[in-house]
$ cat work.cif   # mmCIF, C-alpha atoms
data_final
#
loop_
_atom_site.label_atom_id
_atom_site.label_comp_id
_atom_site.auth_asym_id
_atom_site.auth_seq_id
_atom_site.Cartn_x
_atom_site.Cartn_y
_atom_site.Cartn_z
CA MET A 1 0.00 0.00 0.00
CA ILE A 2 1.39 3.34 -1.03
CA PRO A 3 1.91 5.72 1.93
CA LEU A 4 -0.71 8.45 2.12
CA HIS A 5 1.81 11.29 2.01
CA LYS A 6 3.31 9.93 -1.21
CA LEU A 7 -0.13 9.50 -2.75
CA LYS A 8 -0.96 13.09 -1.84
CA GLU A 9 2.21 14.40 -3.51
CA LEU A 10 1.47 12.76 -6.86
CA PRO A 11 0.01 14.77 -9.78
CA ARG A 12 -3.79 14.54 -9.80
CA SER A 13 -4.06 12.25 -12.82
CA LEU A 14 -1.48 9.82 -11.47
CA ARG A 15 -2.98 9.98 -7.97
CA LEU A 16 -6.40 9.05 -9.35
CA ARG A 17 -5.01 6.16 -11.40
CA LYS A 18 -3.11 4.80 -8.38
CA ALA A 19 -6.23 5.11 -6.21
CA ALA A 20 -8.38 3.38 -8.82
CA SER A 21 -5.92 0.50 -8.87
CA LEU A 22 -6.00 0.29 -5.06
CA PHE A 23 -9.77 0.09 -4.83
CA GLY A 24 -10.16 -2.24 -7.80
CA ALA A 25 -7.62 -4.64 -6.30
CA ALA A 26 -9.24 -4.41 -2.86
CA GLU A 27 -12.64 -5.31 -4.27
CA ARG A 28 -11.20 -8.30 -6.12
CA ARG A 29 -9.52 -9.54 -2.92
CA LEU A 30 -12.76 -9.12 -1.00
CA VAL A 31 -14.64 -11.19 -3.60
CA LEU A 32 -12.00 -13.93 -3.51
CA LEU A 33 -11.33 -14.01 0.25
CA GLY A 34 -14.69 -12.91 1.64
CA LYS A 35 -13.10 -10.44 4.03
CA LEU A 36 -10.48 -7.69 4.24
CA PRO A 37 -8.29 -6.96 7.27
CA ASN A 38 -9.48 -4.02 9.37
CA ARG A 39 -6.11 -2.39 8.83
CA GLU A 40 -6.69 -2.35 5.05
CA THR A 41 -10.22 -0.95 5.24
CA GLU A 42 -9.02 1.77 7.60
CA TYR A 43 -6.22 2.65 5.16
CA LEU A 44 -8.68 2.76 2.27
CA GLY A 45 -10.93 5.01 4.34
CA SER A 46 -8.01 7.39 4.73
CA VAL A 47 -7.42 7.31 0.97
CA VAL A 48 -11.07 8.24 0.42
CA GLU A 49 -10.68 11.13 2.85
CA LEU A 50 -7.71 12.34 0.81
CA LEU A 51 -9.67 12.06 -2.43
CA ALA A 52 -12.61 13.93 -0.92
CA ASN A 53 -10.42 17.03 -0.69
CA ASP A 54 -10.25 17.18 -4.49
CA GLU A 55 -12.07 20.38 -5.45
CA LYS A 56 -12.63 19.19 -9.01
CA ILE A 57 -14.97 16.39 -7.97
CA ALA A 58 -18.66 17.28 -8.34
CA GLU A 59 -21.10 17.41 -5.43
CA ALA A 60 -22.91 14.08 -5.96
CA PRO A 61 -19.80 11.87 -6.30
CA LEU A 62 -18.17 13.81 -3.47
CA GLU A 63 -21.09 12.96 -1.20
CA ALA A 64 -20.80 9.32 -2.26
CA LEU A 65 -17.11 9.33 -1.38
CA LYS A 66 -17.86 10.66 2.09
CA ASN A 67 -20.49 7.98 2.66
CA ALA A 68 -18.09 5.30 1.44
CA ARG A 69 -15.47 6.48 3.91
CA ILE A 70 -17.94 6.16 6.80
CA THR A 71 -18.70 2.58 5.71
CA LEU A 72 -15.03 1.64 5.45
CA VAL A 73 -13.98 2.96 8.86
CA SER A 74 -17.05 1.80 10.79
CA ALA A 75 -16.42 -1.26 12.95
CA GLY A 76 -18.55 -4.31 12.24
CA THR A 77 -19.72 -3.16 8.82
CA ASP A 78 -21.25 -5.93 6.71
CA GLU A 79 -18.89 -7.23 4.00
CA LYS A 80 -21.51 -6.61 1.32
CA GLU A 81 -21.63 -2.96 2.31
CA ILE A 82 -17.85 -2.78 2.29
CA ARG A 83 -17.79 -4.15 -1.24
CA ARG A 84 -20.44 -1.65 -2.30
CA ALA A 85 -18.33 1.16 -0.85
CA LEU A 86 -15.17 -0.08 -2.60
CA ASN A 87 -17.05 -0.43 -5.85
CA ALA A 88 -18.51 3.08 -5.61
CA VAL A 89 -15.14 4.68 -4.93
CA HIS A 90 -13.47 2.69 -7.70
CA HIS A 91 -15.96 3.80 -10.34
CA ILE A 92 -16.08 7.40 -9.14
CA ILE A 93 -12.31 7.60 -9.54
CA LEU A 94 -12.40 5.95 -12.95
CA ASN A 95 -15.00 8.47 -14.09
CA GLU A 96 -12.72 11.26 -12.93
CA THR A 97 -9.95 9.85 -15.12
CA GLY A 98 -12.30 9.78 -18.11
CA ARG A 99 -12.23 6.01 -18.45
CA THR A 100 -15.37 4.42 -19.88
CA GLN A 101 -16.47 1.17 -18.28
CA ALA A 102 -17.34 -1.94 -20.29
CA ASP A 103 -19.46 -4.82 -19.05
CA TRP A 104 -16.44 -7.07 -18.60
CA ASP A 105 -14.80 -4.55 -16.26
CA PHE A 106 -17.36 -5.40 -13.62
CA LEU A 107 -16.75 -8.09 -11.02
CA GLU A 108 -19.33 -10.78 -10.40
CA ALA A 109 -19.49 -12.31 -6.94
CA SER A 110 -20.72 -15.59 -8.40
CA GLY A 111 -17.29 -16.22 -9.92
CA ALA A 112 -16.91 -18.97 -12.52
CA LEU A 113 -19.97 -20.47 -14.15
CA ASP A 114 -21.08 -23.91 -13.02
CA SER A 115 -22.41 -25.83 -16.02
CA SER A 116 -23.98 -28.43 -13.71
CA LYS A 117 -26.55 -25.81 -12.69
CA ARG A 118 -27.85 -25.39 -16.25
CA ARG A 119 -31.51 -26.30 -16.65
CA PRO A 120 -32.24 -25.71 -20.35
CA PHE A 121 -35.69 -26.14 -21.83
CA ALA A 122 -35.64 -29.10 -24.20
CA GLY A 123 -36.30 -27.86 -27.73
CA MET A 124 -35.70 -24.15 -27.03
CA GLN A 125 -33.28 -23.17 -29.79
CA VAL A 126 -32.12 -19.99 -31.49
CA TYR A 127 -30.76 -19.10 -34.92
CA LEU A 128 -28.60 -15.96 -35.01
CA GLU A 129 -28.63 -14.75 -38.59
CA ASP A 130 -25.81 -12.41 -39.65
CA ILE A 131 -25.42 -10.67 -36.29
CA ARG A 132 -22.36 -8.58 -37.12
CA SER A 133 -21.38 -7.07 -33.78
CA PRO A 134 -19.29 -9.25 -31.43
CA PHE A 135 -20.82 -7.29 -28.53
CA ASN A 136 -24.32 -8.28 -29.66
CA VAL A 137 -23.35 -11.91 -30.20
CA GLY A 138 -21.84 -12.08 -26.72
CA SER A 139 -24.86 -10.41 -25.16
CA MET A 140 -27.23 -12.78 -26.97
CA PHE A 141 -25.26 -15.79 -25.79
CA ARG A 142 -25.56 -14.52 -22.24
CA ALA A 143 -29.31 -13.94 -22.55
CA ALA A 144 -29.85 -17.30 -24.24
CA GLU A 145 -28.02 -19.12 -21.47
CA SER A 146 -29.80 -17.18 -18.74
CA PHE A 147 -33.25 -18.00 -20.10
CA GLY A 148 -32.61 -21.68 -20.71
CA ALA A 149 -31.85 -22.06 -24.40
CA GLU A 150 -30.85 -25.57 -25.35
CA LYS A 151 -28.74 -24.59 -28.37
CA LEU A 152 -27.71 -21.67 -30.56
CA TRP A 153 -27.19 -21.94 -34.30
CA LEU A 154 -25.06 -19.32 -36.04
CA SER A 155 -25.22 -18.30 -39.67
CA PRO A 156 -21.98 -18.43 -41.70
CA LEU A 157 -21.65 -14.62 -41.54
CA CYS A 158 -22.44 -14.21 -37.84
CA ALA A 159 -19.69 -12.62 -35.73
CA ASP A 160 -17.41 -15.10 -34.01
CA PRO A 161 -18.47 -15.92 -30.42
CA ARG A 162 -14.78 -16.51 -29.67
CA HIS A 163 -13.92 -12.96 -30.67
CA LYS A 164 -12.40 -11.18 -27.67
CA ARG A 165 -15.27 -8.70 -27.37
CA ALA A 166 -17.96 -11.36 -27.79
CA ALA A 167 -16.39 -13.71 -25.27
CA ARG A 168 -15.97 -10.94 -22.72
CA THR A 169 -19.57 -9.80 -23.11
CA ALA A 170 -20.86 -13.39 -22.90
CA MET A 171 -19.15 -13.75 -19.49
CA GLY A 172 -18.33 -17.43 -19.99
CA CYS A 173 -21.63 -18.47 -21.58
CA VAL A 174 -19.92 -19.34 -24.86
CA ASP A 175 -18.21 -22.19 -23.01
CA ILE A 176 -21.29 -23.75 -21.40
CA LEU A 177 -23.99 -23.20 -24.02
CA LEU A 178 -24.22 -25.67 -26.90
CA TRP A 179 -23.75 -23.88 -30.22
CA GLU A 180 -22.85 -24.59 -33.81
CA ARG A 181 -21.93 -22.47 -36.80
CA LEU A 182 -23.52 -23.52 -40.09
CA SER A 183 -21.38 -23.75 -43.21
CA HIS A 184 -24.12 -22.38 -45.47
CA ASP A 185 -27.41 -20.49 -45.33
CA PRO A 186 -29.94 -23.11 -44.15
CA PHE A 187 -32.83 -21.36 -45.88
CA ILE A 188 -31.41 -21.66 -49.38
CA THR A 189 -32.54 -24.62 -51.48
CA VAL A 190 -29.58 -26.61 -52.78
CA ASP A 191 -28.73 -29.94 -54.41
CA GLU A 192 -31.51 -30.79 -56.82
CA GLY A 193 -34.24 -29.14 -54.85
CA ASN A 194 -33.38 -30.64 -51.46
CA SER A 195 -33.45 -27.92 -48.85
CA SER A 196 -30.30 -27.77 -46.75
CA ILE A 197 -32.49 -26.75 -43.81
CA LEU A 198 -32.99 -30.44 -43.07
CA SER A 199 -29.37 -30.71 -41.96
CA PHE A 200 -30.07 -27.89 -39.50
CA SER A 201 -33.48 -28.61 -38.05
CA GLU A 202 -37.04 -28.99 -39.20
CA GLY A 203 -38.29 -26.26 -36.91
CA PRO A 204 -40.88 -25.05 -36.23
CA PHE A 205 -39.60 -21.50 -36.68
CA PHE A 206 -40.65 -18.05 -35.58
CA ALA A 207 -38.92 -14.73 -36.19
CA LEU A 208 -38.24 -11.70 -34.04
CA GLU A 209 -39.34 -9.07 -36.53
CA THR A 210 -41.75 -6.21 -37.14
CA GLY A 211 -45.22 -6.86 -38.53
CA GLY A 212 -45.97 -9.83 -36.31
CA ALA A 213 -48.10 -10.66 -33.30
CA PRO A 214 -47.44 -8.40 -30.30
CA LEU A 215 -45.29 -10.09 -27.67
CA ALA A 216 -48.17 -10.28 -25.17
CA ASP A 217 -50.37 -12.08 -27.71
CA PHE A 218 -47.84 -14.44 -29.23
CA THR A 219 -48.22 -18.15 -28.47
CA PHE A 220 -44.76 -19.54 -27.81
CA PRO A 221 -44.09 -23.14 -28.84
CA SER A 222 -42.98 -25.88 -26.47
CA ARG A 223 -40.24 -26.64 -29.02
CA GLY A 224 -39.02 -24.36 -31.77
CA ILE A 225 -36.30 -22.11 -33.18
CA LEU A 226 -36.33 -18.36 -32.75
CA ILE A 227 -34.72 -16.47 -35.64
CA ALA A 228 -33.01 -13.19 -34.77
CA GLY A 229 -31.62 -11.24 -37.71
CA SER A 230 -29.07 -8.63 -38.69
CA GLU A 231 -28.79 -5.38 -36.73
CA GLU A 232 -29.11 -3.37 -39.95
CA LEU A 233 -31.39 -5.42 -42.18
CA GLY A 234 -33.37 -7.64 -39.83
CA VAL A 235 -34.32 -11.22 -40.67
CA SER A 236 -33.58 -12.16 -44.29
CA PRO A 237 -36.51 -12.62 -46.72
CA ARG A 238 -35.76 -16.36 -47.00
CA ALA A 239 -35.72 -16.94 -43.26
CA LEU A 240 -38.76 -14.69 -42.79
CA ALA A 241 -40.73 -16.65 -45.39
CA THR A 242 -39.88 -19.85 -43.53
CA ALA A 243 -41.04 -18.35 -40.24
CA ASP A 244 -44.25 -16.95 -41.77
CA ALA A 245 -45.06 -20.41 -43.13
CA SER A 246 -44.42 -21.92 -39.69
CA LEU A 247 -45.19 -20.10 -36.41
CA GLY A 248 -45.02 -16.53 -37.68
CA ARG A 249 -43.43 -13.45 -36.17
CA VAL A 250 -43.27 -11.99 -32.70
CA THR A 251 -43.05 -8.20 -32.41
CA ILE A 252 -42.14 -5.99 -29.46
CA LEU A 253 -44.33 -2.90 -29.35
CA THR A 254 -42.54 0.36 -28.56
CA TRP A 255 -43.82 3.84 -27.74
CA GLY A 256 -40.69 5.94 -28.09
CA ALA A 257 -39.49 8.24 -30.84
CA LYS A 258 -36.83 5.77 -31.93
CA GLY A 259 -39.31 2.98 -32.51
CA SER A 260 -36.74 0.18 -32.39
CA LEU A 261 -34.46 -1.65 -29.97
CA ASN A 262 -30.93 -2.96 -30.11
CA VAL A 263 -31.15 -6.55 -31.37
CA SER A 264 -29.61 -8.05 -28.23
CA VAL A 265 -32.02 -6.11 -26.01
CA ALA A 266 -35.03 -7.20 -28.08
CA PHE A 267 -33.72 -10.77 -28.09
CA GLY A 268 -33.45 -10.79 -24.30
CA ILE A 269 -37.02 -9.55 -23.92
CA VAL A 270 -38.39 -12.28 -26.19
CA MET A 271 -36.27 -15.00 -24.58
CA GLN A 272 -37.56 -14.06 -21.14
CA ALA A 273 -41.15 -14.19 -22.37
CA TRP A 274 -40.57 -17.58 -24.02
CA ALA A 275 -38.90 -18.97 -20.89
CA SER A 276 -41.76 -17.71 -18.71
CA ALA A 277 -44.31 -19.40 -20.97
CA LEU A 278 -42.38 -22.69 -20.92
CA ASN A 279 -41.94 -22.54 -17.16
CA SER A 280 -45.67 -21.89 -16.66
CA ASN A 281 -46.46 -24.92 -18.80
CA LEU A 282 -44.12 -27.07 -16.72
CA SER A 283 -45.71 -25.82 -13.49
CA CYS A 284 -49.20 -26.67 -14.76
CA SER A 285 -48.27 -30.16 -16.00
#
$ encode --input "work.cif" --output "structure tokens"
Amino acid sequence: MIPLHKLKELPRSLRLRKAASLFGAAERRLVLLGKLPNRETEYLGSVVELLANDEKIAEAPLEALKNARITLVSAGTDEKEIRRALNAVHHIILNETGRTQADWDFLEASGALDSSKRRPFAGMQVYLEDIRSPFNVGSMFRAAESFGAEKLWLSPLCADPRHKRAARTAMGCVDILLWERLSHDPFITVDEGNSSILSFSEGPFFALETGGAPLADFTFPSRGILIAGSEELGVSPRALATADASLGRVTILTWGAKGSLNVSVAFGIVMQAWASALNSNLSCS
């Protein structure tokens, strides 16, 4: 731990970076060990007191720093509250340095994923068609795993789930969720009129797309494949025709000026609704 007088003497930008490192490391140790020595929390409280004298920090974060200091120096404080205080100080300092936080910068107390806890719904599958952004692919993997998808199929042009940004956003879900990339578009007829879709699955299919049944009115299947399409162009005409001839489309109604949602956000909403419907059916059976 850097002595307080040396920390105080550093230029502001360097002092903030050093402090951010201190609080980030302290939170990680707390998550791993479950407790920090009183001596360390008292030291960190003194660091917060030093930071609170920074006149450039705005009123709201300054008040949060003062509250965090009280938590850190109070005897018998619950470890969850200590972590919340460390986390608050860490992110306040990072904001002061102008650093933007990404999802993978956040710590999760649950640690590594335990694949033995997976309880997927049999027959709940997804086809990601030409999702270009690794961030979106990673987010959709995470949502699919969270809501019990059995398997994800990826189109040939879908972003790579192993891409650094996708894997970070997925938070380990790429490793525990069954998935497969197709070598060709499954909705194109090939080889003397035999549809290659048969090597993929026979469905039934439904698409997340405009012009369909509102989410609240859509009847989700007990088994099926949800098609989610490109961020820019939506579901392809071929895939959409397949869905329309099968279970149709599900549409999320919006009331804002934008009138549309990020594909991973919309996907998460539909997956939660599908999972709720499946879970209700299981509870009634």
$ residues_around --input "work.cif" --residues "range 178-189 of chain A" --least-positions-apart "6" --cutoff "12 Å" --atoms "only C-alpha atoms" --output "PyMOL selection string"
chain A and resi 115+118+120+124-130+137+141+144-145+148-162+195-203+205+227+235-243
$ closest_residue --input "work.cif" --among "A:Glu209, A:Ser146, A:Ala122, A:Thr169" --to "Leu282 in chain A" --atoms "all atoms listed in the file"
A:Ala122
$ closest_residue --input "work.cif" --among "A:Val48, A:Leu94, A:Glu63, A:Ser230" --to "Leu14 in chain A" --atoms "only C-alpha atoms"
A:Leu94
$ atom_distance --input "work.cif" --atom1 "CA of Arg132 in chain A" --atom2 "CA of Lys164 in chain A"
14.0 Å
$ atom_distance --input "work.cif" --atom1 "CA of Gly224 in chain A" --atom2 "CA of Phe135 in chain A"
25.2 Å
$ residues_near_point --input "work.cif" --point "(-39.7, -17.1, -34.7)" --cutoff "8 Å" --atoms "all atoms listed in the file" --output "list in words"
Phe205, Phe206, Ala207, Leu208, Gly224, Ile225, Leu226, Ile227, Ala228, Ala243, Leu247, Gly248, Arg249 and Val250 of chain A
$ resolve_selection --input "work.cif" --expression "the PyMOL selection byres ((chain A and resi 268-280) around 9)" --output "ChimeraX atom specification"
/A:121,124,139-140,142-144,146-149,208,215-216,219-222,226,250-252,263-267,281-285
$ resolve_selection --input "work.cif" --expression "the PyMOL selection byres ((chain A and resi 86-92) around 7)" --output "list of chain:residue names"
A:Ala20, A:Phe23, A:Gly24, A:Glu27, A:Pro61, A:Leu65, A:Ile82, A:Arg83, A:Arg84, A:Ala85, A:Ile93, A:Leu94, A:Asn95, A:Glu96
$ write_last_selection --input "work.cif" --atoms "C-alpha atoms" --output "mmCIF file, in the coordinates of the input"
data_model
loop_
_atom_site.group_PDB
_atom_site.id
_atom_site.type_symbol
_atom_site.label_atom_id
_atom_site.label_comp_id
_atom_site.auth_asym_id
_atom_site.auth_seq_id
_atom_site.Cartn_x
_atom_site.Cartn_y
_atom_site.Cartn_z
ATOM 1 C CA ALA A 20 -8.380 3.380 -8.820
ATOM 2 C CA PHE A 23 -9.770 0.090 -4.830
ATOM 3 C CA GLY A 24 -10.160 -2.240 -7.800
ATOM 4 C CA GLU A 27 -12.640 -5.310 -4.270
ATOM 5 C CA PRO A 61 -19.800 11.870 -6.300
ATOM 6 C CA LEU A 65 -17.110 9.330 -1.380
ATOM 7 C CA ILE A 82 -17.850 -2.780 2.290
ATOM 8 C CA ARG A 83 -17.790 -4.150 -1.240
ATOM 9 C CA ARG A 84 -20.440 -1.650 -2.300
ATOM 10 C CA ALA A 85 -18.330 1.160 -0.850
ATOM 11 C CA ILE A 93 -12.310 7.600 -9.540
ATOM 12 C CA LEU A 94 -12.400 5.950 -12.950
ATOM 13 C CA ASN A 95 -15.000 8.470 -14.090
ATOM 14 C CA GLU A 96 -12.720 11.260 -12.930
#
$ atom_distance --input "work.cif" --atom1 "CA of Thr254 in chain A" --atom2 "CA of Glu231 in chain A"
17.0 Å
$ closest_residue --input "work.cif" --among "A:Val47, A:Ile131, A:Glu42, A:Arg99" --to "Thr71 in chain A" --atoms "all atoms listed in the file"
A:Glu42
$ closest_residue --input "work.cif" --among "A:Ser116, A:Ser246, A:Thr210, A:Ser133" --to "Ile176 in chain A" --atoms "all atoms listed in the file"
A:Ser116
$ build_atoms --input "work.cif" --residues "range 140-173 of chain A" --atoms "N, CA and C atoms" --output "compact mmCIF listing (two decimals), in the frame of the given file"
# COMPACT_ATOMS: atom_id res chain seq x y z
N MET A 140 -26.16 -11.84 -26.65
CA MET A 140 -27.23 -12.78 -26.97
C MET A 140 -26.92 -14.18 -26.44
N PHE A 141 -25.65 -14.54 -26.42
CA PHE A 141 -25.26 -15.79 -25.79
C PHE A 141 -25.60 -15.75 -24.29
N ARG A 142 -25.30 -14.64 -23.68
CA ARG A 142 -25.56 -14.52 -22.24
C ARG A 142 -27.05 -14.59 -21.94
N ALA A 143 -27.86 -13.91 -22.74
CA ALA A 143 -29.31 -13.94 -22.55
C ALA A 143 -29.87 -15.33 -22.83
N ALA A 144 -29.37 -15.96 -23.89
CA ALA A 144 -29.85 -17.30 -24.24
C ALA A 144 -29.56 -18.29 -23.12
N GLU A 145 -28.37 -18.22 -22.56
CA GLU A 145 -28.02 -19.12 -21.47
C GLU A 145 -28.87 -18.83 -20.24
N SER A 146 -29.05 -17.56 -19.94
CA SER A 146 -29.80 -17.18 -18.74
C SER A 146 -31.24 -17.65 -18.78
N PHE A 147 -31.83 -17.65 -19.99
CA PHE A 147 -33.25 -18.00 -20.10
C PHE A 147 -33.47 -19.43 -20.60
N GLY A 148 -32.42 -20.26 -20.53
CA GLY A 148 -32.61 -21.68 -20.71
C GLY A 148 -32.58 -22.23 -22.11
N ALA A 149 -31.94 -21.53 -23.04
CA ALA A 149 -31.85 -22.06 -24.40
C ALA A 149 -31.07 -23.36 -24.42
N GLU A 150 -31.52 -24.28 -25.22
CA GLU A 150 -30.85 -25.57 -25.35
C GLU A 150 -29.64 -25.47 -26.28
N LYS A 151 -29.81 -24.69 -27.38
CA LYS A 151 -28.74 -24.59 -28.37
C LYS A 151 -28.89 -23.34 -29.21
N LEU A 152 -27.74 -22.78 -29.62
CA LEU A 152 -27.71 -21.67 -30.56
C LEU A 152 -27.09 -22.13 -31.87
N TRP A 153 -27.73 -21.74 -32.97
CA TRP A 153 -27.19 -21.94 -34.30
C TRP A 153 -26.73 -20.59 -34.83
N LEU A 154 -25.59 -20.55 -35.49
CA LEU A 154 -25.06 -19.32 -36.04
C LEU A 154 -24.98 -19.42 -37.55
N SER A 155 -25.35 -18.33 -38.22
CA SER A 155 -25.22 -18.30 -39.67
C SER A 155 -23.74 -18.20 -40.04
N PRO A 156 -23.39 -18.50 -41.29
CA PRO A 156 -21.98 -18.43 -41.70
C PRO A 156 -21.36 -17.05 -41.51
N LEU A 157 -22.17 -15.98 -41.61
CA LEU A 157 -21.65 -14.62 -41.54
C LEU A 157 -21.83 -13.97 -40.17
N CYS A 158 -22.27 -14.74 -39.20
CA CYS A 158 -22.44 -14.21 -37.84
C CYS A 158 -21.07 -13.94 -37.22
N ALA A 159 -20.95 -12.91 -36.41
CA ALA A 159 -19.69 -12.62 -35.73
C ALA A 159 -19.26 -13.81 -34.87
N ASP A 160 -17.98 -13.95 -34.71
CA ASP A 160 -17.41 -15.10 -34.01
C ASP A 160 -17.63 -14.98 -32.49
N PRO A 161 -18.28 -15.97 -31.87
CA PRO A 161 -18.47 -15.92 -30.42
C PRO A 161 -17.16 -15.98 -29.65
N ARG A 162 -16.09 -16.45 -30.31
CA ARG A 162 -14.78 -16.51 -29.67
C ARG A 162 -14.00 -15.21 -29.82
N HIS A 163 -14.55 -14.29 -30.57
CA HIS A 163 -13.92 -12.96 -30.67
C HIS A 163 -13.78 -12.39 -29.26
N LYS A 164 -12.70 -11.68 -29.01
CA LYS A 164 -12.40 -11.18 -27.67
C LYS A 164 -13.57 -10.40 -27.09
N ARG A 165 -14.18 -9.54 -27.88
CA ARG A 165 -15.27 -8.70 -27.37
C ARG A 165 -16.53 -9.53 -27.11
N ALA A 166 -16.79 -10.50 -27.99
CA ALA A 166 -17.96 -11.36 -27.79
C ALA A 166 -17.80 -12.22 -26.55
N ALA A 167 -16.63 -12.82 -26.41
CA ALA A 167 -16.39 -13.71 -25.27
C ALA A 167 -16.45 -12.94 -23.95
N ARG A 168 -15.93 -11.74 -23.95
CA ARG A 168 -15.97 -10.94 -22.72
C ARG A 168 -17.41 -10.57 -22.36
N THR A 169 -18.19 -10.18 -23.37
CA THR A 169 -19.57 -9.80 -23.11
C THR A 169 -20.41 -11.01 -22.69
N ALA A 170 -20.11 -12.18 -23.23
CA ALA A 170 -20.86 -13.39 -22.90
C ALA A 170 -20.57 -13.87 -21.48
N MET A 171 -19.49 -13.40 -20.88
CA MET A 171 -19.15 -13.75 -19.49
C MET A 171 -19.11 -15.26 -19.26
N GLY A 172 -18.49 -16.00 -20.17
CA GLY A 172 -18.33 -17.43 -19.99
C GLY A 172 -19.42 -18.29 -20.60
N CYS A 173 -20.50 -17.68 -21.06
CA CYS A 173 -21.63 -18.47 -21.58
C CYS A 173 -21.31 -19.18 -22.89
